[in-house]
file model-v9.cif (mmCIF, C-alpha atoms)
data_final
loop_
_atom_site.label_atom_id
_atom_site.label_comp_id
_atom_site.auth_asym_id
_atom_site.auth_seq_id
_atom_site.Cartn_x
_atom_site.Cartn_y
_atom_site.Cartn_z
CA MET A 347 329.67 -92.66 318.50
CA SER A 348 331.60 -89.57 319.46
CA THR A 349 334.64 -89.80 317.26
CA PRO A 350 336.77 -86.71 317.55
CA LEU A 351 338.08 -85.25 314.34
CA HIS A 352 341.70 -86.17 313.91
CA ASP A 353 342.26 -84.51 310.59
CA ASP A 354 342.03 -87.97 309.05
CA ILE A 355 341.22 -88.72 305.41
CA TYR A 356 338.69 -91.35 304.32
CA LYS A 357 337.97 -91.38 300.63
CA LEU A 358 336.75 -93.34 297.63
CA MET A 359 338.05 -92.03 294.32
CA ARG A 360 338.09 -92.80 290.63
CA GLU A 361 341.33 -90.99 289.81
CA PRO A 362 344.82 -92.25 290.68
CA ILE A 363 345.67 -91.97 294.38
CA ASP A 364 348.42 -89.51 295.27
CA LEU A 365 350.40 -91.68 297.69
CA ALA A 366 353.01 -89.09 298.57
CA ALA A 367 350.42 -86.44 299.39
CA LEU A 368 348.64 -88.80 301.79
CA ALA A 369 351.84 -89.86 303.52
CA ARG A 370 352.70 -86.19 303.88
CA HIS A 371 349.25 -85.36 305.20
CA VAL A 372 349.44 -87.72 308.17
CA ARG A 373 352.95 -86.63 309.12
CA ALA A 374 353.32 -84.03 311.89
CA PRO A 375 356.15 -82.65 314.02
CA GLU A 376 354.98 -84.51 317.12
CA ASP A 377 355.19 -87.86 315.29
CA GLY A 378 358.17 -90.12 314.85
CA ALA A 379 356.83 -92.64 312.37
CA VAL A 380 354.56 -93.08 309.39
CA VAL A 381 353.64 -96.59 308.22
CA THR A 382 351.92 -96.96 304.87
CA PHE A 383 350.27 -99.83 303.04
CA ASP A 384 350.14 -99.68 299.25
CA GLY A 385 347.88 -102.33 297.74
CA PHE A 386 348.15 -102.49 293.95
CA VAL A 387 346.93 -104.57 291.05
CA ARG A 388 348.84 -107.84 290.55
CA ASN A 389 349.47 -109.09 287.02
CA GLN A 390 348.05 -112.54 287.69
CA SER A 391 345.43 -114.32 289.75
CA HIS A 392 345.85 -118.04 290.53
CA ASN A 393 348.47 -118.16 287.76
CA ARG A 394 346.14 -116.68 285.15
CA PRO A 395 347.40 -113.42 283.62
CA THR A 396 345.14 -110.54 284.65
CA LEU A 397 344.29 -107.84 282.11
CA TYR A 398 342.77 -105.32 284.52
CA LEU A 399 340.40 -105.04 287.49
CA ASP A 400 337.15 -103.21 287.93
CA TYR A 401 336.16 -102.12 291.46
CA GLU A 402 332.72 -101.15 292.66
CA ALA A 403 331.47 -100.17 296.09
CA TYR A 404 328.36 -99.55 298.11
CA GLU A 405 329.80 -96.09 298.44
CA SER A 406 327.90 -94.61 301.38
CA MET A 407 328.34 -97.74 303.47
CA ALA A 408 331.94 -98.28 302.41
CA LEU A 409 332.86 -94.79 303.55
CA ALA A 410 331.02 -95.28 306.83
CA LYS A 411 332.89 -98.55 307.41
CA MET A 412 336.24 -96.94 306.54
CA ARG A 413 335.53 -94.20 309.11
CA GLU A 414 334.59 -96.89 311.63
CA ILE A 415 337.95 -98.55 311.07
CA GLY A 416 339.63 -95.19 311.67
CA ALA A 417 337.70 -94.74 314.91
CA GLN A 418 338.79 -98.22 316.03
CA LEU A 419 342.42 -97.39 315.25
CA HIS A 420 342.28 -94.30 317.43
CA GLU A 421 340.70 -96.32 320.24
CA LYS A 422 343.12 -99.24 320.07
CA TYR A 423 346.46 -97.67 319.25
CA ARG A 424 348.50 -94.63 320.24
CA ILE A 425 348.48 -93.08 316.80
CA HIS A 426 348.07 -89.59 315.43
CA ARG A 427 346.49 -89.41 311.98
CA VAL A 428 344.99 -91.90 309.57
CA ALA A 429 344.42 -91.82 305.82
CA ILE A 430 342.47 -94.63 304.15
CA VAL A 431 341.74 -94.22 300.44
CA HIS A 432 340.28 -96.80 298.05
CA ARG A 433 340.09 -96.49 294.30
CA LEU A 434 337.02 -97.48 292.24
CA GLY A 435 336.47 -98.19 288.56
CA ARG A 436 338.90 -99.73 286.12
CA LEU A 437 342.46 -100.23 287.39
CA GLU A 438 345.41 -101.35 285.32
CA ILE A 439 348.23 -103.65 286.46
CA GLY A 440 350.44 -101.91 289.00
CA GLU A 441 347.95 -99.18 289.88
CA THR A 442 347.24 -98.63 293.58
CA SER A 443 343.79 -99.79 294.61
CA VAL A 444 344.06 -99.05 298.31
CA PHE A 445 346.41 -96.87 300.30
CA ILE A 446 346.61 -96.54 304.08
CA ALA A 447 348.89 -94.22 306.01
CA VAL A 448 349.13 -94.02 309.80
CA SER A 449 351.31 -91.67 311.80
CA ALA A 450 352.29 -92.10 315.42
CA PRO A 451 354.85 -90.89 317.91
CA HIS A 452 356.42 -94.41 317.89
CA ARG A 453 356.65 -97.03 315.16
CA ALA A 454 355.05 -100.03 316.90
CA ALA A 455 351.61 -98.42 317.11
CA ALA A 456 351.81 -97.24 313.50
CA PHE A 457 352.74 -100.75 312.22
CA ASP A 458 350.02 -102.44 314.28
CA ALA A 459 347.34 -99.92 313.31
CA CYS A 460 348.17 -100.08 309.62
CA ARG A 461 348.01 -103.88 309.64
CA PHE A 462 344.71 -103.84 311.54
CA ALA A 463 343.29 -101.31 309.08
CA ILE A 464 344.00 -103.27 305.91
CA ASP A 465 342.94 -106.60 307.42
CA THR A 466 339.68 -105.11 308.68
CA LEU A 467 339.01 -103.28 305.42
CA LYS A 468 339.32 -106.51 303.46
CA ARG A 469 336.75 -108.22 305.71
CA THR A 470 334.19 -105.50 306.34
CA VAL A 471 334.15 -102.74 303.73
CA PRO A 472 331.59 -103.33 300.96
CA ILE A 473 333.84 -103.10 297.91
CA TRP A 474 334.03 -105.70 295.15
CA LYS A 475 336.49 -106.36 292.37
CA LYS A 476 335.92 -108.06 289.07
CA GLU A 477 338.98 -109.62 287.47
CA TYR A 478 339.28 -109.50 283.70
CA PHE A 479 341.26 -112.17 281.85
CA GLU A 480 341.88 -112.98 278.18
CA ASP A 481 338.99 -115.42 278.20
CA GLY A 482 336.46 -113.75 280.47
CA ALA A 483 335.86 -112.08 283.80
CA VAL A 484 335.05 -113.24 287.32
CA TRP A 485 334.10 -111.59 290.58
CA ALA A 486 337.03 -112.15 292.93
CA ASP A 487 336.55 -114.58 295.81
CA GLY A 488 335.86 -112.45 298.82
CA GLU A 489 335.20 -112.64 302.51
CA LEU A 490 331.75 -112.68 303.99
CA PRO A 491 331.56 -109.82 306.50
CA PRO A 492 330.46 -110.81 309.98
CA ALA A 493 326.80 -109.89 310.35
CA PRO A 494 324.50 -110.06 313.35
CA ALA A 495 323.02 -113.55 313.62
CA ALA A 496 319.40 -112.95 314.56
CA THR A 497 319.06 -109.88 316.65
CA PRO A 498 317.07 -106.85 315.66
CA ARG A 499 319.23 -103.93 314.77
CA ALA A 500 320.43 -102.07 317.81
CA LYS A 501 319.99 -98.53 316.65
CA ARG A 502 316.24 -98.42 316.40
CA ALA A 503 314.34 -98.69 319.66
CA SER A 504 310.90 -100.18 319.10
CA MET B 798 290.19 -110.34 307.18
CA PRO B 799 290.39 -106.84 308.59
CA SER B 800 293.90 -105.78 309.27
CA VAL B 801 295.80 -102.67 310.19
CA SER B 802 298.70 -103.80 308.06
CA GLN B 803 300.10 -101.00 305.95
CA THR B 804 302.42 -100.94 303.06
CA ILE B 805 305.84 -99.45 303.39
CA ARG B 806 308.30 -98.35 300.77
CA VAL B 807 311.88 -99.61 300.88
CA LYS B 808 314.86 -99.09 298.65
CA VAL B 809 316.79 -102.21 297.69
CA LEU B 810 320.34 -102.28 296.34
CA PHE B 811 322.23 -105.08 294.61
CA PHE B 812 325.98 -105.30 294.17
CA GLY B 813 328.52 -107.39 292.31
CA ARG B 814 327.21 -110.60 290.80
CA LEU B 815 323.80 -110.03 292.39
CA LYS B 816 323.39 -106.86 290.36
CA GLU B 817 324.17 -108.85 287.22
CA ILE B 818 321.59 -111.51 288.10
CA VAL B 819 318.84 -109.05 288.95
CA GLY B 820 319.71 -106.84 286.00
CA HIS B 821 319.89 -103.54 287.84
CA ALA B 822 321.49 -101.93 290.87
CA GLU B 823 318.56 -100.39 292.60
CA GLU B 824 314.87 -100.80 293.06
CA SER B 825 312.20 -99.17 295.15
CA LEU B 826 309.27 -101.30 296.17
CA GLU B 827 306.26 -101.48 298.41
CA PHE B 828 305.99 -104.25 300.91
CA SER B 829 303.86 -105.26 303.84
CA ASP B 830 305.00 -103.56 307.01
CA ALA B 831 305.42 -106.80 308.93
CA ALA B 832 308.06 -108.03 306.53
CA THR B 833 311.66 -108.89 307.31
CA ILE B 834 314.81 -108.69 305.20
CA GLU B 835 314.54 -112.47 304.71
CA GLN B 836 311.08 -112.06 303.17
CA LEU B 837 312.29 -109.25 300.98
CA PHE B 838 315.06 -111.50 299.68
CA ALA B 839 312.57 -114.32 299.09
CA HIS B 840 310.51 -111.93 296.98
CA PHE B 841 313.47 -111.30 294.69
CA ALA B 842 314.52 -114.94 294.67
CA THR B 843 311.07 -115.85 293.36
CA ARG B 844 311.47 -113.35 290.58
CA SER B 845 315.10 -114.25 289.81
CA PRO B 846 315.51 -117.91 290.88
CA GLU B 847 319.26 -117.73 290.23
CA LEU B 848 319.50 -115.49 293.32
CA ALA B 849 318.39 -118.23 295.71
CA LYS B 850 321.68 -120.07 295.19
CA PHE B 851 323.53 -117.19 296.79
CA ARG B 852 321.43 -116.88 299.93
CA SER B 853 323.98 -118.68 302.14
CA SER B 854 326.91 -116.63 300.84
CA LEU B 855 325.40 -113.19 301.31
CA VAL B 856 325.04 -110.69 304.05
CA ALA B 857 322.32 -108.08 304.25
CA SER B 858 322.54 -104.50 305.36
CA CYS B 859 319.90 -102.08 306.50
CA ASN B 860 320.62 -98.36 306.40
CA GLN B 861 324.34 -98.95 305.84
CA GLU B 862 324.73 -101.35 308.78
CA PHE B 863 325.12 -105.11 308.54
CA ALA B 864 321.79 -106.55 309.58
CA ALA B 865 320.36 -109.90 310.65
CA TRP B 866 318.02 -111.64 308.21
CA ASN B 867 315.11 -111.34 310.65
CA THR B 868 315.42 -107.55 310.85
CA PRO B 869 311.96 -106.01 310.39
CA LEU B 870 311.59 -103.45 307.62
CA HIS B 871 310.44 -99.89 308.15
CA SER B 872 309.34 -97.35 305.63
CA GLY B 873 312.26 -95.51 304.13
CA ASP B 874 314.77 -98.27 304.90
CA GLU B 875 317.61 -98.84 302.47
CA VAL B 876 318.33 -102.55 302.27
CA ALA B 877 321.27 -104.04 300.38
CA PHE B 878 322.30 -107.59 299.58
CA LEU B 879 326.07 -107.91 299.69
CA PRO B 880 328.20 -110.70 298.25
CA PRO B 881 331.51 -111.55 299.97
CA VAL B 882 333.59 -108.38 299.87
CA SER B 883 336.85 -108.26 297.92
CA GLY B 884 338.24 -104.77 298.32
CA GLY B 885 341.89 -104.04 298.82
#

call {"tool": "encode", "arguments": {"input": "model-v9.cif", "output": "structure tokens"}}
result
Amino acid sequence: MSTPLHDDIYKLMREPIDLAALARHVRAPEDGAVVTFDGFVRNQSHNRPTLYLDYEAYESMALAKMREIGAQLHEKYRIHRVAIVHRLGRLEIGETSVFIAVSAPHRAAAFDACRFAIDTLKRTVPIWKKEYFEDGAVWADGELPPAPAATPRAKRAS
Amino acid sequence: MPSVSQTIRVKVLFFGRLKEIVGHAEESLEFSDAATIEQLFAHFATRSPELAKFRSSLVASCNQEFAAWNTPLHSGDEVAFLPPVSGG
């Protein structure tokens, strides 16, 4: 895949995400819009009070999948820059777990791309969260990523 | 029976609840070179029977790409068993 470098940011981090810095990073004079998505830790899950969350990832694959999402955004939408950052480790209520920022000359492409990015991330990026409650912890219900049914992998010629 | 079958070494990773069932995140093991990801999983399910329950709600990856269960293994492959993802 020949993805040009767009000065994008794709990152997994254990420290708090600097939302303002990312929104600033994607913004350029030739743009007219930045759309951001800020996903943060809710204080309850199915009406049970949440204490905190713990995120883990298959880091090398998660990063590769986040970059793939970015490449798709550039193919599908007239956008400029993308930042996709996901936090790992223990997160308290209200802390940002995922932040996405997309800049574009016009708002429609930025809205559409940002929505596509978070929806695709939630289905395809290997990250898991464990929810901690007063009386125990559970792995959050997730989505099973679409996987090839029964074909040999494409990349290796035999 | 004479055979040209060789052993290969693969790295296997477990995440989320699978890691808790198996007891560790990573393992390197030798396997017959004709094996598939499905057979690799069966090997672990024999060792940790609890795993078998999750077979239908897992996807596998090979070298950081989602992979079909019948994908043949090659030496040096990194295989992972991935529960439903819940990032975001």

call {"tool": "residues_around", "arguments": {"input": "model-v9.cif", "residues": "stretch 451-456 of chain A", "least_positions_apart": "4", "cutoff": "8 Å", "atoms": "only C-alpha atoms", "output": "PDB file with C-alpha atoms, in the frame of the given file"}}
result
ATOM      1  CA  GLU A 376     354.980 -84.510 317.120  1.00  0.00           C
ATOM      2  CA  ASP A 377     355.190 -87.860 315.290  1.00  0.00           C
ATOM      3  CA  GLY A 378     358.170 -90.120 314.850  1.00  0.00           C
ATOM      4  CA  ALA A 379     356.830 -92.640 312.370  1.00  0.00           C
ATOM      5  CA  VAL A 380     354.560 -93.080 309.390  1.00  0.00           C
ATOM      6  CA  VAL A 381     353.640 -96.590 308.220  1.00  0.00           C
ATOM      7  CA  TYR A 423     346.460 -97.670 319.250  1.00  0.00           C
ATOM      8  CA  ARG A 424     348.500 -94.630 320.240  1.00  0.00           C
ATOM      9  CA  ILE A 425     348.480 -93.080 316.800  1.00  0.00           C
ATOM     10  CA  HIS A 426     348.070 -89.590 315.430  1.00  0.00           C
ATOM     11  CA  CYS A 460     348.170-100.080 309.620  1.00  0.00           C
TER      12      CYS A 460
END

call {"tool": "atom_distance", "arguments": {"input": "model-v9.cif", "atom1": "atom CA of B:Leu855", "atom2": "atom CA of B:Thr804"}}
result
26.1 Å

call {"tool": "resolve_selection", "arguments": {"input": "model-v9.cif", "expression": "the PyMOL selection byres ((chain A) within 10 of (chain B))", "output": "compact mmCIF listing (two decimals) with C-alpha atoms, in the frame of the given file"}}
result
# COMPACT_ATOMS: atom_id res chain seq x y z
CA ASP A 384 350.14 -99.68 299.25
CA GLY A 385 347.88 -102.33 297.74
CA PHE A 386 348.15 -102.49 293.95
CA VAL A 387 346.93 -104.57 291.05
CA TYR A 401 336.16 -102.12 291.46
CA GLU A 402 332.72 -101.15 292.66
CA ALA A 403 331.47 -100.17 296.09
CA TYR A 404 328.36 -99.55 298.11
CA GLU A 405 329.80 -96.09 298.44
CA SER A 406 327.90 -94.61 301.38
CA MET A 407 328.34 -97.74 303.47
CA ALA A 408 331.94 -98.28 302.41
CA LEU A 409 332.86 -94.79 303.55
CA ALA A 410 331.02 -95.28 306.83
CA LYS A 411 332.89 -98.55 307.41
CA VAL A 431 341.74 -94.22 300.44
CA HIS A 432 340.28 -96.80 298.05
CA ARG A 433 340.09 -96.49 294.30
CA LEU A 434 337.02 -97.48 292.24
CA THR A 442 347.24 -98.63 293.58
CA SER A 443 343.79 -99.79 294.61
CA VAL A 444 344.06 -99.05 298.31
CA PHE A 445 346.41 -96.87 300.30
CA ILE A 464 344.00 -103.27 305.91
CA ASP A 465 342.94 -106.60 307.42
CA LEU A 467 339.01 -103.28 305.42
CA LYS A 468 339.32 -106.51 303.46
CA ARG A 469 336.75 -108.22 305.71
CA THR A 470 334.19 -105.50 306.34
CA VAL A 471 334.15 -102.74 303.73
CA PRO A 472 331.59 -103.33 300.96
CA ILE A 473 333.84 -103.10 297.91
CA TRP A 474 334.03 -105.70 295.15
CA LYS A 475 336.49 -106.36 292.37
CA LYS A 476 335.92 -108.06 289.07
CA VAL A 484 335.05 -113.24 287.32
CA TRP A 485 334.10 -111.59 290.58
CA ALA A 486 337.03 -112.15 292.93
CA ASP A 487 336.55 -114.58 295.81
CA GLY A 488 335.86 -112.45 298.82
CA GLU A 489 335.20 -112.64 302.51
CA LEU A 490 331.75 -112.68 303.99
CA PRO A 491 331.56 -109.82 306.50
CA PRO A 492 330.46 -110.81 309.98
CA ALA A 493 326.80 -109.89 310.35
CA PRO A 494 324.50 -110.06 313.35
CA ALA A 495 323.02 -113.55 313.62
CA ALA A 496 319.40 -112.95 314.56
CA THR A 497 319.06 -109.88 316.65
CA PRO A 498 317.07 -106.85 315.66
CA ARG A 499 319.23 -103.93 314.77
CA ALA A 500 320.43 -102.07 317.81
CA LYS A 501 319.99 -98.53 316.65

call {"tool": "closest_residue", "arguments": {"input": "model-v9.cif", "among": "A:Leu419, A:Ala429, A:Ala450, A:Leu437", "to": "A:Pro362", "atoms": "only C-alpha atoms"}}
result
A:Leu437

call {"tool": "resolve_selection", "arguments": {"input": "model-v9.cif", "expression": "the PyMOL selection byres ((chain A and resi 398) around 12)", "output": "PyMOL selection string"}}
result
chain A and resi 386-391+394-397+399-401+435-441+443+475-480+482-484

call {"tool": "atom_distance", "arguments": {"input": "model-v9.cif", "atom1": "atom CA of A:Ala417", "atom2": "atom CA of A:Asp353"}}
result
12.0 Å

call {"tool": "residues_around", "arguments": {"input": "model-v9.cif", "residues": "A:Leu368", "least_positions_apart": "4", "cutoff": "9 Å", "atoms": "only C-alpha atoms", "output": "ChimeraX atom specification"}}
result
/A:355,363-364,372-373,429-431,445-447

call {"tool": "decode", "arguments": {"input": "model-v9.cif", "residues": "stretch 371-467 of chain A", "atoms": "C-alpha atoms", "output": "PDB file, in the first residue's frame"}}
result
ATOM      1  CA  HIS A 371      -1.869  19.752  14.835  1.00  0.00           C
ATOM      2  CA  VAL A 372      -4.390  18.847  12.139  1.00  0.00           C
ATOM      3  CA  ARG A 373      -5.380  22.467  11.517  1.00  0.00           C
ATOM      4  CA  ALA A 374      -3.743  24.284   8.584  1.00  0.00           C
ATOM      5  CA  PRO A 375      -4.305  27.534   6.699  1.00  0.00           C
ATOM      6  CA  GLU A 376      -5.731  25.741   3.658  1.00  0.00           C
ATOM      7  CA  ASP A 377      -8.429  24.080   5.800  1.00  0.00           C
ATOM      8  CA  GLY A 378     -11.796  25.426   6.806  1.00  0.00           C
ATOM      9  CA  ALA A 379     -12.913  22.837   9.326  1.00  0.00           C
ATOM     10  CA  VAL A 380     -11.718  20.510  12.034  1.00  0.00           C
ATOM     11  CA  VAL A 381     -14.066  17.838  13.401  1.00  0.00           C
ATOM     12  CA  THR A 382     -13.043  15.992  16.540  1.00  0.00           C
ATOM     13  CA  PHE A 383     -14.390  12.992  18.412  1.00  0.00           C
ATOM     14  CA  ASP A 384     -13.663  12.746  22.126  1.00  0.00           C
ATOM     15  CA  GLY A 385     -14.555   9.357  23.596  1.00  0.00           C
ATOM     16  CA  PHE A 386     -14.293   9.299  27.383  1.00  0.00           C
ATOM     17  CA  VAL A 387     -15.041   7.016  30.299  1.00  0.00           C
ATOM     18  CA  ARG A 388     -18.718   6.916  31.319  1.00  0.00           C
ATOM     19  CA  ASN A 389     -19.606   6.610  34.996  1.00  0.00           C
ATOM     20  CA  GLN A 390     -21.914   3.647  34.477  1.00  0.00           C
ATOM     21  CA  SER A 391     -22.379   0.603  32.292  1.00  0.00           C
ATOM     22  CA  HIS A 392     -25.871  -0.923  31.911  1.00  0.00           C
ATOM     23  CA  ASN A 393     -26.910   1.096  34.975  1.00  0.00           C
ATOM     24  CA  ARG A 394     -24.100  -0.272  37.134  1.00  0.00           C
ATOM     25  CA  PRO A 395     -21.757   2.409  38.504  1.00  0.00           C
ATOM     26  CA  THR A 396     -18.308   2.036  36.948  1.00  0.00           C
ATOM     27  CA  LEU A 397     -15.220   2.562  39.111  1.00  0.00           C
ATOM     28  CA  TYR A 398     -12.649   2.713  36.322  1.00  0.00           C
ATOM     29  CA  LEU A 399     -11.624   1.004  33.077  1.00  0.00           C
ATOM     30  CA  ASP A 400      -8.478  -0.801  32.074  1.00  0.00           C
ATOM     31  CA  TYR A 401      -7.544  -0.878  28.368  1.00  0.00           C
ATOM     32  CA  GLU A 402      -5.139  -3.246  26.687  1.00  0.00           C
ATOM     33  CA  ALA A 403      -4.159  -3.616  23.047  1.00  0.00           C
ATOM     34  CA  TYR A 404      -2.332  -5.834  20.628  1.00  0.00           C
ATOM     35  CA  GLU A 405      -0.169  -2.788  20.158  1.00  0.00           C
ATOM     36  CA  SER A 406       1.642  -3.475  16.886  1.00  0.00           C
ATOM     37  CA  MET A 407      -1.538  -4.614  15.156  1.00  0.00           C
ATOM     38  CA  ALA A 408      -3.677  -1.879  16.690  1.00  0.00           C
ATOM     39  CA  LEU A 409      -1.332   0.781  15.356  1.00  0.00           C
ATOM     40  CA  ALA A 410      -1.274  -0.859  11.936  1.00  0.00           C
ATOM     41  CA  LYS A 411      -5.092  -0.927  11.890  1.00  0.00           C
ATOM     42  CA  MET A 412      -5.296   2.715  12.996  1.00  0.00           C
ATOM     43  CA  ARG A 413      -2.968   3.674  10.129  1.00  0.00           C
ATOM     44  CA  GLU A 414      -5.135   1.622   7.762  1.00  0.00           C
ATOM     45  CA  ILE A 415      -8.174   3.596   8.876  1.00  0.00           C
ATOM     46  CA  GLY A 416      -6.256   6.804   8.176  1.00  0.00           C
ATOM     47  CA  ALA A 417      -5.348   5.573   4.702  1.00  0.00           C
ATOM     48  CA  GLN A 418      -9.013   4.762   4.044  1.00  0.00           C
ATOM     49  CA  LEU A 419     -10.037   8.241   5.179  1.00  0.00           C
ATOM     50  CA  HIS A 420      -7.647   9.853   2.723  1.00  0.00           C
ATOM     51  CA  GLU A 421      -8.956   7.615  -0.057  1.00  0.00           C
ATOM     52  CA  LYS A 422     -12.641   8.152   0.661  1.00  0.00           C
ATOM     53  CA  TYR A 423     -12.891  11.773   1.729  1.00  0.00           C
ATOM     54  CA  ARG A 424     -11.484  15.143   0.721  1.00  0.00           C
ATOM     55  CA  ILE A 425      -9.672  15.738   3.979  1.00  0.00           C
ATOM     56  CA  HIS A 426      -6.300  17.120   4.966  1.00  0.00           C
ATOM     57  CA  ARG A 427      -4.861  15.674   8.171  1.00  0.00           C
ATOM     58  CA  VAL A 428      -5.882  12.969  10.599  1.00  0.00           C
ATOM     59  CA  ALA A 429      -5.003  12.312  14.235  1.00  0.00           C
ATOM     60  CA  ILE A 430      -6.158   9.096  15.906  1.00  0.00           C
ATOM     61  CA  VAL A 431      -4.925   8.482  19.447  1.00  0.00           C
ATOM     62  CA  HIS A 432      -6.040   5.765  21.869  1.00  0.00           C
ATOM     63  CA  ARG A 433      -5.156   5.554  25.521  1.00  0.00           C
ATOM     64  CA  LEU A 434      -4.145   2.306  27.279  1.00  0.00           C
ATOM     65  CA  GLY A 435      -3.957   1.257  30.912  1.00  0.00           C
ATOM     66  CA  ARG A 436      -6.159   2.395  33.762  1.00  0.00           C
ATOM     67  CA  LEU A 437      -8.563   5.249  32.983  1.00  0.00           C
ATOM     68  CA  GLU A 438     -10.725   7.068  35.482  1.00  0.00           C
ATOM     69  CA  ILE A 439     -14.275   8.345  34.908  1.00  0.00           C
ATOM     70  CA  GLY A 440     -14.274  11.273  32.503  1.00  0.00           C
ATOM     71  CA  GLU A 441     -10.808  10.611  31.080  1.00  0.00           C
ATOM     72  CA  THR A 442     -10.501  10.496  27.293  1.00  0.00           C
ATOM     73  CA  SER A 443      -9.877   7.012  25.959  1.00  0.00           C
ATOM     74  CA  VAL A 444      -9.907   7.834  22.270  1.00  0.00           C
ATOM     75  CA  PHE A 445      -9.529  11.081  20.384  1.00  0.00           C
ATOM     76  CA  ILE A 446      -9.882  11.637  16.648  1.00  0.00           C
ATOM     77  CA  ALA A 447      -9.337  14.889  14.797  1.00  0.00           C
ATOM     78  CA  VAL A 448      -9.811  15.413  11.065  1.00  0.00           C
ATOM     79  CA  SER A 449      -9.207  18.606   9.136  1.00  0.00           C
ATOM     80  CA  ALA A 450     -10.579  19.415   5.716  1.00  0.00           C
ATOM     81  CA  PRO A 451     -11.199  22.366   3.446  1.00  0.00           C
ATOM     82  CA  HIS A 452     -14.979  21.881   3.977  1.00  0.00           C
ATOM     83  CA  ARG A 453     -16.946  20.562   6.942  1.00  0.00           C
ATOM     84  CA  ALA A 454     -18.929  17.738   5.308  1.00  0.00           C
ATOM     85  CA  ALA A 455     -15.844  15.655   4.533  1.00  0.00           C
ATOM     86  CA  ALA A 456     -14.438  16.235   8.026  1.00  0.00           C
ATOM     87  CA  PHE A 457     -17.707  15.136   9.714  1.00  0.00           C
ATOM     88  CA  ASP A 458     -18.054  12.058   7.510  1.00  0.00           C
ATOM     89  CA  ALA A 459     -14.419  11.017   7.912  1.00  0.00           C
ATOM     90  CA  CYS A 460     -14.454  11.442  11.678  1.00  0.00           C
ATOM     91  CA  ARG A 461     -17.604   9.337  11.987  1.00  0.00           C
ATOM     92  CA  PHE A 462     -16.166   6.646   9.711  1.00  0.00           C
ATOM     93  CA  ALA A 463     -12.946   6.610  11.733  1.00  0.00           C
ATOM     94  CA  ILE A 464     -14.526   6.018  15.139  1.00  0.00           C
ATOM     95  CA  ASP A 465     -17.033   3.474  13.817  1.00  0.00           C
ATOM     96  CA  THR A 466     -14.292   1.528  12.048  1.00  0.00           C
ATOM     97  CA  LEU A 467     -11.938   1.734  15.016  1.00  0.00           C
TER      98      LEU A 467
END
